[in-house]
Amino acid sequence: MKSIELLAPGPMMPLVIDRLGEAFTLHRLWEVADKEAFIREKGEKIRGLLVGGHARIDEAFLKPLPNVEIIANFGVGYDSVDAKHAGEKGIVVTNTPDVLTEEVADTCLGLLLMTVRELPQAERWLRAGNWTGKGPYPLTHTTLRGAKVGIIGLGRIGKAIARRLEAFDVAISYHNRRPVAGVPYAYHASLADLASAVDILVSVAPGGPDTFHMIDADVFRALGPKGIFINIGRGSAVDEPAMVEALKNGTIRSAGLDVFEHEPKVPAELMAMENVVLLPHVGSGTHHTRDLMGGLLVDNVKSWFAGKGPLTPVAETPWPR
Ligand code: NAP
């Protein structure tokens with residue numbers, strides 16, 4: 001398969017580079033000094049792209065690469081790939097679903113508990129010497145006892161979050177575009193209705209144009225002054241300035257965020273707030289799970305070039321066609 005040439009626009013984990021580099025001719029664009037010259041010279045030879053959200057893979061990016069057959073995305077979220085355009089060009093897009101579901105759900109529950117019980121703030125209190133100086137950390141106004149939790153995006157990860165939440169004995173409801181069959185949770189066709197019905201709103205919605213800024217000032221107003229917002233999905237689904245404003249002026253009480261609109265940039269105002277818990281997009285960030293994700297990406301590429309089709313194609317590029 002060494003005659004097949006692959007291109008990675010940005011750095012990928014060593015497991016991916018090593019395994020695919022052994023089997024194929026793999027070009028690391030991020031190490032190339034004159035990228036435009038490289039694409040001009042080599043573009044027509046490239047048959048597969050390995051991507052991980054470093055670059056926007058759209059019509060303009062694909063134009064000088066007319067022979068790409070597969071775009072293998074590291075991660076379940078593939079909003080940096082214009083999958084609709086790829087589908088129109090006959091290119092298959094793959095992602096890495098399922099293997100990260102439980103890890104991300106664990107992280108979400110951790111973030112939710114950290115935010116509701118102000119655990120990072122309490123830890124900072126202790127480390128600052130306040131326990132001995134000023135006394136015990138103040139009691140939190142917020143608790144999971146008797147709480148109503150709403151999930152935006154009851155898909156693979158959303159359901160795994162809901163399963164964990166059941167153990168906390170909270171009322172669970174959700175918003176998707178369509179109700180999910182066979183789940184015991186209340187469905188809200190409107191996002192604002194879900195927000196007004198719950199105390200804690202958890203987003204695990206994907207990114208992309210369909211969800212862009214759908215969690216906006218109206219949703220925060222509906223969540224209300226005792227409301228807590230958790231985001232483990234995508235930053236682009238949230239109108240970030242509206243969220244900052246809502247946290248600043250008490251429209252909502254607090255937030256726990258693993259994802260941001262312009263990662264790795266986090267608004268300075270958020271960084272300075274005491275009523276937010278901020279994580280650097282670590283939802284799936286363990287060696288165990290990232291290795292499984294890398295392995296699935298590799299298997300998709302190998303399966304494709306062995307003529308066996310993709311293992312996990314995205315909805316926009318179904319297989320068989
Ligand atoms: P999934 O199974 O496809 O679930 C996505 C859910 O979102 C579905 O229930 C879908 O239901 C709903 N949805 C999609 N578009 C919507 C819209 N416009 N309005 C309302 N609901 C909408 O995906 P998953 O595997 O659970 O992953 C979900 C997302 O989590 C990924 O796309 C990724 O962005 C994010 N993620 C984050 C991390 C992290 O490290 N923080 C890690 C992994 C994944 P309908 O189709 O019925 O609307």
# chains A, B, ... in the order shown; residues from 1 in each chain; ligands from 1
>>> residues_around(residues="range 117-125 of chain A", least_positions_apart="2", cutoff="12 Å", atoms="only C-alpha atoms", output="MDAnalysis selection string")
chainID A and resid 109:115 127:145 228 253:256 273:279
>>> write_last_selection(atoms="N, CA and C atoms", output="compact mmCIF listing (two decimals), in the first residue's frame")
# COMPACT_ATOMS: atom_id res chain seq x y z
N LEU A 109 -19.88 14.10 34.13
CA LEU A 109 -20.38 14.00 35.51
C LEU A 109 -19.41 14.65 36.49
N GLY A 110 -18.10 14.49 36.22
CA GLY A 110 -17.09 15.15 37.07
C GLY A 110 -17.26 16.66 37.02
N LEU A 111 -17.39 17.18 35.80
CA LEU A 111 -17.54 18.63 35.62
C LEU A 111 -18.82 19.13 36.28
N LEU A 112 -19.88 18.34 36.14
CA LEU A 112 -21.17 18.74 36.73
C LEU A 112 -21.05 18.80 38.26
N LEU A 113 -20.45 17.78 38.85
CA LEU A 113 -20.31 17.77 40.31
C LEU A 113 -19.38 18.89 40.79
N MET A 114 -18.30 19.11 40.03
CA MET A 114 -17.38 20.20 40.37
C MET A 114 -18.11 21.54 40.40
N THR A 115 -19.00 21.71 39.41
CA THR A 115 -19.69 23.00 39.28
C THR A 115 -20.79 23.15 40.34
N ARG A 127 -6.17 25.51 49.67
CA ARG A 127 -4.77 25.75 49.31
C ARG A 127 -4.32 27.17 49.66
N ALA A 128 -5.27 28.12 49.64
CA ALA A 128 -4.92 29.51 49.95
C ALA A 128 -4.76 29.73 51.46
N GLY A 129 -4.98 28.68 52.24
CA GLY A 129 -4.85 28.82 53.70
C GLY A 129 -6.09 29.40 54.35
N ASN A 130 -7.19 29.49 53.59
CA ASN A 130 -8.39 30.12 54.15
C ASN A 130 -9.10 29.27 55.20
N TRP A 131 -8.93 27.94 55.13
CA TRP A 131 -9.62 27.06 56.09
C TRP A 131 -9.16 27.38 57.51
N THR A 132 -7.83 27.52 57.62
CA THR A 132 -7.30 27.87 58.95
C THR A 132 -7.47 29.37 59.23
N GLY A 133 -7.42 30.18 58.18
CA GLY A 133 -7.52 31.63 58.36
C GLY A 133 -8.96 32.10 58.54
N LYS A 134 -9.78 31.92 57.49
CA LYS A 134 -11.15 32.47 57.53
C LYS A 134 -12.19 31.47 58.02
N GLY A 135 -11.82 30.17 58.09
CA GLY A 135 -12.79 29.16 58.54
C GLY A 135 -13.26 28.29 57.40
N PRO A 136 -14.37 27.51 57.60
CA PRO A 136 -14.81 26.55 56.59
C PRO A 136 -15.25 27.23 55.30
N TYR A 137 -15.17 26.50 54.20
CA TYR A 137 -15.67 27.02 52.92
C TYR A 137 -17.19 27.20 53.05
N PRO A 138 -17.75 28.29 52.52
CA PRO A 138 -19.20 28.53 52.65
C PRO A 138 -20.02 27.38 52.07
N LEU A 139 -21.17 27.11 52.66
CA LEU A 139 -22.08 26.09 52.13
C LEU A 139 -22.51 26.49 50.72
N THR A 140 -22.69 25.50 49.84
CA THR A 140 -23.11 25.87 48.47
C THR A 140 -24.63 25.98 48.42
N HIS A 141 -25.08 26.94 47.63
CA HIS A 141 -26.52 27.10 47.44
C HIS A 141 -27.05 25.98 46.55
N THR A 142 -26.14 25.39 45.76
CA THR A 142 -26.59 24.43 44.76
C THR A 142 -26.29 23.00 45.21
N THR A 143 -27.18 22.11 44.81
CA THR A 143 -27.06 20.70 45.18
C THR A 143 -27.74 19.87 44.09
N LEU A 144 -27.35 18.61 44.02
CA LEU A 144 -28.06 17.71 43.10
C LEU A 144 -29.33 17.15 43.73
N ARG A 145 -29.46 17.33 45.05
CA ARG A 145 -30.65 16.79 45.72
C ARG A 145 -31.90 17.45 45.17
N ILE A 228 -27.75 26.34 36.28
CA ILE A 228 -26.35 25.97 36.04
C ILE A 228 -26.25 25.42 34.62
N ARG A 253 -26.66 31.20 37.32
CA ARG A 253 -25.78 31.21 38.51
C ARG A 253 -24.33 30.84 38.17
N SER A 254 -24.17 29.73 37.43
CA SER A 254 -22.79 29.26 37.21
C SER A 254 -22.71 28.37 35.98
N ALA A 255 -21.47 28.04 35.61
CA ALA A 255 -21.28 27.18 34.43
C ALA A 255 -20.04 26.32 34.61
N GLY A 256 -20.11 25.14 33.99
CA GLY A 256 -18.95 24.23 33.92
C GLY A 256 -18.70 23.95 32.45
N MET A 273 -13.74 34.78 36.38
CA MET A 273 -14.98 34.57 37.16
C MET A 273 -14.81 33.44 38.17
N GLU A 274 -15.40 33.62 39.34
CA GLU A 274 -15.38 32.58 40.36
C GLU A 274 -16.52 31.57 40.18
N ASN A 275 -17.55 31.97 39.43
CA ASN A 275 -18.71 31.07 39.31
C ASN A 275 -18.66 30.20 38.06
N VAL A 276 -17.45 29.92 37.58
CA VAL A 276 -17.31 28.99 36.45
C VAL A 276 -16.20 27.99 36.74
N VAL A 277 -16.39 26.79 36.20
CA VAL A 277 -15.34 25.76 36.25
C VAL A 277 -14.91 25.54 34.80
N LEU A 278 -13.62 25.66 34.54
CA LEU A 278 -13.12 25.62 33.16
C LEU A 278 -12.15 24.46 32.97
N LEU A 279 -12.42 23.64 31.97
CA LEU A 279 -11.52 22.53 31.63
C LEU A 279 -11.05 22.70 30.18
>>> residues_near_ligand(ligand="ligand 1", cutoff="8 Å", atoms="only C-alpha atoms and all ligand atoms", output="VMD selection string")
chain A and resid 75 to 79 97 to 98 100 to 101 104 152 to 159 175 to 180 191 204 to 207 210 to 211 214 231 to 234 258 to 259 281 to 285
>>> residues_around(residues="Gly53 in chain A", least_positions_apart="3", cutoff="12 Å", atoms="only C-alpha atoms", output="ChimeraX atom specification")
/A:8-12,49-50,56-58,71-82,95,207,262-264
>>> residues_around(residues="Glu59 in chain A", least_positions_apart="4", cutoff="8 Å", atoms="only C-alpha atoms", output="PyMOL selection string")
chain A and resi 63+82+85-86
>>> select_by_dssp(residues="range 97-295 of chain A", states="alpha helix (DSSP H)", output="compact mmCIF listing (two decimals) with N, CA, C and O atoms, in the first residue's frame")
# COMPACT_ATOMS: atom_id res chain seq x y z
N THR A 101 -17.44 7.28 24.20
CA THR A 101 -18.71 7.66 24.84
C THR A 101 -18.63 7.66 26.37
O THR A 101 -18.98 8.64 27.03
N GLU A 102 -18.16 6.54 26.94
CA GLU A 102 -18.20 6.40 28.41
C GLU A 102 -17.22 7.36 29.08
O GLU A 102 -17.50 7.92 30.13
N GLU A 103 -16.05 7.56 28.42
CA GLU A 103 -15.04 8.47 28.98
C GLU A 103 -15.59 9.91 29.05
O GLU A 103 -15.42 10.61 30.06
N VAL A 104 -16.22 10.33 27.97
CA VAL A 104 -16.74 11.70 27.93
C VAL A 104 -17.88 11.87 28.94
O VAL A 104 -17.99 12.89 29.62
N ALA A 105 -18.70 10.82 29.07
CA ALA A 105 -19.79 10.88 30.06
C ALA A 105 -19.22 10.97 31.47
O ALA A 105 -19.74 11.72 32.32
N ASP A 106 -18.15 10.22 31.75
CA ASP A 106 -17.48 10.33 33.07
C ASP A 106 -17.03 11.78 33.31
O ASP A 106 -17.26 12.35 34.37
N THR A 107 -16.36 12.34 32.30
CA THR A 107 -15.84 13.71 32.45
C THR A 107 -16.99 14.68 32.70
O THR A 107 -16.88 15.60 33.52
N CYS A 108 -18.09 14.46 31.99
CA CYS A 108 -19.25 15.35 32.15
C CYS A 108 -19.78 15.31 33.58
O CYS A 108 -20.06 16.35 34.17
N LEU A 109 -19.88 14.10 34.13
CA LEU A 109 -20.38 14.00 35.51
C LEU A 109 -19.41 14.65 36.49
O LEU A 109 -19.82 15.31 37.45
N GLY A 110 -18.10 14.49 36.22
CA GLY A 110 -17.09 15.15 37.07
C GLY A 110 -17.26 16.66 37.02
O GLY A 110 -17.33 17.33 38.05
N LEU A 111 -17.39 17.18 35.80
CA LEU A 111 -17.54 18.63 35.62
C LEU A 111 -18.82 19.13 36.28
O LEU A 111 -18.84 20.20 36.92
N LEU A 112 -19.88 18.34 36.14
CA LEU A 112 -21.17 18.74 36.73
C LEU A 112 -21.05 18.80 38.26
O LEU A 112 -21.48 19.78 38.89
N LEU A 113 -20.45 17.78 38.85
CA LEU A 113 -20.31 17.77 40.31
C LEU A 113 -19.38 18.89 40.79
O LEU A 113 -19.64 19.54 41.79
N MET A 114 -18.30 19.11 40.03
CA MET A 114 -17.38 20.20 40.37
C MET A 114 -18.11 21.54 40.40
O MET A 114 -17.89 22.38 41.26
N THR A 115 -19.00 21.71 39.41
CA THR A 115 -19.69 23.00 39.28
C THR A 115 -20.79 23.15 40.34
O THR A 115 -20.88 24.18 41.02
N VAL A 116 -21.59 22.10 40.48
CA VAL A 116 -22.72 22.18 41.42
C VAL A 116 -22.21 22.36 42.86
O VAL A 116 -22.73 23.16 43.62
N LEU A 119 -16.44 22.48 43.85
CA LEU A 119 -15.27 21.75 44.38
C LEU A 119 -13.93 22.41 44.03
O LEU A 119 -13.05 22.50 44.91
N PRO A 120 -13.73 22.92 42.80
CA PRO A 120 -12.45 23.61 42.54
C PRO A 120 -12.28 24.87 43.41
O PRO A 120 -11.18 25.15 43.90
N GLN A 121 -13.41 25.58 43.61
CA GLN A 121 -13.35 26.79 44.44
C GLN A 121 -13.00 26.41 45.89
O GLN A 121 -12.21 27.09 46.56
N ALA A 122 -13.61 25.30 46.37
CA ALA A 122 -13.35 24.86 47.75
C ALA A 122 -11.88 24.44 47.89
O ALA A 122 -11.25 24.71 48.91
N GLU A 123 -11.36 23.78 46.85
CA GLU A 123 -9.96 23.35 46.90
C GLU A 123 -9.03 24.57 46.92
O GLU A 123 -8.05 24.61 47.67
N ARG A 124 -9.39 25.56 46.09
CA ARG A 124 -8.56 26.79 46.08
C ARG A 124 -8.58 27.45 47.46
O ARG A 124 -7.59 28.01 47.92
N TRP A 125 -9.74 27.41 48.11
CA TRP A 125 -9.92 27.98 49.46
C TRP A 125 -8.94 27.33 50.44
O TRP A 125 -8.25 28.00 51.21
N LEU A 126 -8.90 25.99 50.37
CA LEU A 126 -8.01 25.25 51.27
C LEU A 126 -6.55 25.60 50.99
O LEU A 126 -5.78 25.93 51.87
N ARG A 127 -6.17 25.51 49.67
CA ARG A 127 -4.77 25.75 49.31
C ARG A 127 -4.32 27.17 49.66
O ARG A 127 -3.14 27.40 49.89
N ASN A 130 -7.19 29.49 53.59
CA ASN A 130 -8.39 30.12 54.15
C ASN A 130 -9.10 29.27 55.20
O ASN A 130 -9.82 29.80 56.06
N TRP A 131 -8.93 27.94 55.13
CA TRP A 131 -9.62 27.06 56.09
C TRP A 131 -9.16 27.38 57.51
O TRP A 131 -9.96 27.49 58.43
N THR A 132 -7.83 27.52 57.62
CA THR A 132 -7.30 27.87 58.95
C THR A 132 -7.47 29.37 59.23
O THR A 132 -7.65 29.79 60.36
N GLY A 133 -7.42 30.18 58.18
CA GLY A 133 -7.52 31.63 58.36
C GLY A 133 -8.96 32.10 58.54
O GLY A 133 -9.36 32.56 59.61
N ARG A 156 -25.44 9.26 21.67
CA ARG A 156 -24.62 8.23 22.34
C ARG A 156 -24.12 8.73 23.69
O ARG A 156 -24.31 8.09 24.73
N ILE A 157 -23.46 9.92 23.68
CA ILE A 157 -22.88 10.43 24.93
C ILE A 157 -23.98 10.92 25.87
O ILE A 157 -23.94 10.68 27.08
N GLY A 158 -24.99 11.60 25.31
CA GLY A 158 -26.09 12.10 26.13
C GLY A 158 -26.77 10.98 26.91
O GLY A 158 -27.08 11.14 28.10
N LYS A 159 -26.97 9.84 26.26
CA LYS A 159 -27.61 8.71 26.95
C LYS A 159 -26.69 8.15 28.05
O LYS A 159 -27.18 7.74 29.11
N ALA A 160 -25.37 8.14 27.78
CA ALA A 160 -24.43 7.64 28.80
C ALA A 160 -24.40 8.60 30.00
O ALA A 160 -24.25 8.17 31.15
N ILE A 161 -24.57 9.90 29.74
CA ILE A 161 -24.65 10.88 30.83
C ILE A 161 -25.94 10.64 31.63
O ILE A 161 -25.94 10.60 32.86
N ALA A 162 -27.04 10.45 30.90
CA ALA A 162 -28.35 10.23 31.55
C ALA A 162 -28.30 8.98 32.43
O ALA A 162 -28.82 8.98 33.55
N ARG A 163 -27.67 7.91 31.92
CA ARG A 163 -27.56 6.66 32.69
C ARG A 163 -26.84 6.91 34.01
O ARG A 163 -27.25 6.42 35.06
N ARG A 164 -25.76 7.69 33.97
CA ARG A 164 -25.03 8.00 35.20
C ARG A 164 -25.89 8.87 36.12
O ARG A 164 -25.89 8.70 37.34
N LEU A 165 -26.62 9.82 35.52
CA LEU A 165 -27.43 10.73 36.34
C LEU A 165 -28.55 9.99 37.07
O LEU A 165 -28.98 10.40 38.15
N GLU A 166 -29.02 8.88 36.48
CA GLU A 166 -30.09 8.11 37.14
C GLU A 166 -29.66 7.69 38.54
O GLU A 166 -30.47 7.66 39.47
N LEU A 191 -35.87 24.09 22.79
CA LEU A 191 -34.72 24.22 23.69
C LEU A 191 -35.03 25.18 24.85
O LEU A 191 -34.67 24.91 26.01
N ALA A 192 -35.71 26.29 24.55
CA ALA A 192 -36.04 27.25 25.61
C ALA A 192 -36.99 26.61 26.63
O ALA A 192 -36.88 26.86 27.84
N ASP A 193 -37.91 25.77 26.17
CA ASP A 193 -38.82 25.08 27.10
C ASP A 193 -38.04 24.15 28.02
O ASP A 193 -38.32 24.07 29.22
N LEU A 194 -37.08 23.43 27.44
CA LEU A 194 -36.25 22.54 28.28
C LEU A 194 -35.52 23.38 29.33
O LEU A 194 -35.53 23.04 30.51
N ALA A 195 -34.92 24.50 28.88
CA ALA A 195 -34.15 25.34 29.80
C ALA A 195 -35.02 25.85 30.95
O ALA A 195 -34.58 25.89 32.10
N SER A 196 -36.26 26.22 30.64
CA SER A 196 -37.10 26.78 31.71
C SER A 196 -37.62 25.69 32.64
O SER A 196 -38.05 25.98 33.75
N ALA A 197 -37.55 24.42 32.20
CA ALA A 197 -38.08 23.32 33.03
C ALA A 197 -37.02 22.73 33.97
O ALA A 197 -37.36 21.89 34.80
N ALA A 217 -28.96 33.97 24.42
CA ALA A 217 -29.43 34.77 25.56
C ALA A 217 -30.82 34.33 26.01
O ALA A 217 -31.11 34.28 27.22
N ASP A 218 -31.70 33.98 25.06
CA ASP A 218 -33.06 33.54 25.43
C ASP A 218 -33.02 32.26 26.26
O ASP A 218 -33.79 32.10 27.22
N VAL A 219 -32.13 31.35 25.87
CA VAL A 219 -32.01 30.07 26.59
C VAL A 219 -31.49 30.34 28.01
O VAL A 219 -32.00 29.77 28.99
N PHE A 220 -30.52 31.24 28.14
CA PHE A 220 -29.99 31.53 29.48
C PHE A 220 -31.05 32.23 30.34
O PHE A 220 -31.16 31.95 31.53
N ARG A 221 -31.83 33.11 29.72
CA ARG A 221 -32.92 33.76 30.47
C ARG A 221 -33.91 32.70 30.96
O ARG A 221 -34.39 32.73 32.08
N ALA A 222 -34.21 31.73 30.10
CA ALA A 222 -35.16 30.67 30.46
C ALA A 222 -34.59 29.79 31.57
O ALA A 222 -35.34 29.32 32.43
N LEU A 223 -33.28 29.57 31.56
CA LEU A 223 -32.66 28.73 32.60
C LEU A 223 -32.77 29.41 33.97
O LEU A 223 -33.02 28.75 34.97
N GLU A 240 -21.19 32.58 22.96
CA GLU A 240 -20.28 32.74 24.11
C GLU A 240 -20.39 34.12 24.77
O GLU A 240 -20.46 34.21 26.01
N PRO A 241 -20.42 35.23 23.98
CA PRO A 241 -20.60 36.53 24.64
C PRO A 241 -21.90 36.60 25.45
O PRO A 241 -21.94 37.16 26.55
N ALA A 242 -22.98 35.98 24.93
CA ALA A 242 -24.26 35.98 25.67
C ALA A 242 -24.12 35.18 26.96
O ALA A 242 -24.68 35.55 28.00
N MET A 243 -23.35 34.09 26.90
CA MET A 243 -23.15 33.27 28.12
C MET A 243 -22.34 34.06 29.15
O MET A 243 -22.68 34.06 30.35
N VAL A 244 -21.28 34.75 28.69
CA VAL A 244 -20.44 35.54 29.60
C VAL A 244 -21.31 36.60 30.28
O VAL A 244 -21.25 36.81 31.50
N GLU A 245 -22.13 37.26 29.48
CA GLU A 245 -23.02 38.30 30.00
C GLU A 245 -23.98 37.70 31.05
O GLU A 245 -24.18 38.27 32.12
N ALA A 246 -24.55 36.54 30.72
CA ALA A 246 -25.52 35.89 31.62
C ALA A 246 -24.85 35.50 32.94
O ALA A 246 -25.47 35.59 34.01
N LEU A 247 -23.58 35.09 32.88
CA LEU A 247 -22.87 34.72 34.11
C LEU A 247 -22.49 35.96 34.91
O LEU A 247 -22.46 35.95 36.14
N LYS A 248 -22.21 37.05 34.18
CA LYS A 248 -21.78 38.29 34.83
C LYS A 248 -22.92 38.98 35.55
O LYS A 248 -22.77 39.44 36.69
N ALA A 268 -11.09 36.22 28.51
CA ALA A 268 -10.46 36.66 29.76
C ALA A 268 -11.51 36.85 30.86
O ALA A 268 -11.27 36.57 32.04
N GLU A 269 -12.70 37.31 30.46
CA GLU A 269 -13.75 37.54 31.46
C GLU A 269 -14.14 36.23 32.16
O GLU A 269 -14.37 36.20 33.37
N LEU A 270 -14.20 35.14 31.38
CA LEU A 270 -14.52 33.83 31.98
C LEU A 270 -13.42 33.39 32.94
O LEU A 270 -13.69 32.87 34.01
N MET A 271 -12.17 33.61 32.50
CA MET A 271 -11.01 33.20 33.31
C MET A 271 -11.05 33.88 34.68
O MET A 271 -10.56 33.32 35.67
N HIS A 287 -5.15 8.19 27.89
CA HIS A 287 -4.40 7.35 26.93
C HIS A 287 -5.28 6.21 26.44
O HIS A 287 -5.31 5.89 25.25
N HIS A 288 -6.02 5.60 27.38
CA HIS A 288 -6.89 4.46 27.04
C HIS A 288 -7.83 4.81 25.89
O HIS A 288 -7.87 4.14 24.86
N THR A 289 -8.57 5.90 26.06
CA THR A 289 -9.61 6.24 25.08
C THR A 289 -9.02 6.85 23.82
O THR A 289 -9.47 6.54 22.71
N ARG A 290 -7.99 7.71 23.97
CA ARG A 290 -7.40 8.30 22.76
C ARG A 290 -6.75 7.20 21.89
O ARG A 290 -6.79 7.28 20.67
N ASP A 291 -6.20 6.16 22.53
CA ASP A 291 -5.63 5.05 21.74
C ASP A 291 -6.73 4.32 20.97
O ASP A 291 -6.53 3.93 19.82
N LEU A 292 -7.87 4.13 21.61
CA LEU A 292 -8.99 3.48 20.91
C LEU A 292 -9.47 4.33 19.74
O LEU A 292 -9.78 3.82 18.66
N MET A 293 -9.51 5.66 19.96
CA MET A 293 -9.93 6.56 18.87
C MET A 293 -8.93 6.51 17.71
O MET A 293 -9.32 6.40 16.54
N GLY A 294 -7.64 6.56 18.05
CA GLY A 294 -6.60 6.49 17.01
C GLY A 294 -6.67 5.17 16.27
O GLY A 294 -6.57 5.12 15.03
N GLY A 295 -6.88 4.08 17.01
CA GLY A 295 -6.97 2.75 16.40
C GLY A 295 -8.13 2.66 15.43
O GLY A 295 -8.02 2.08 14.34
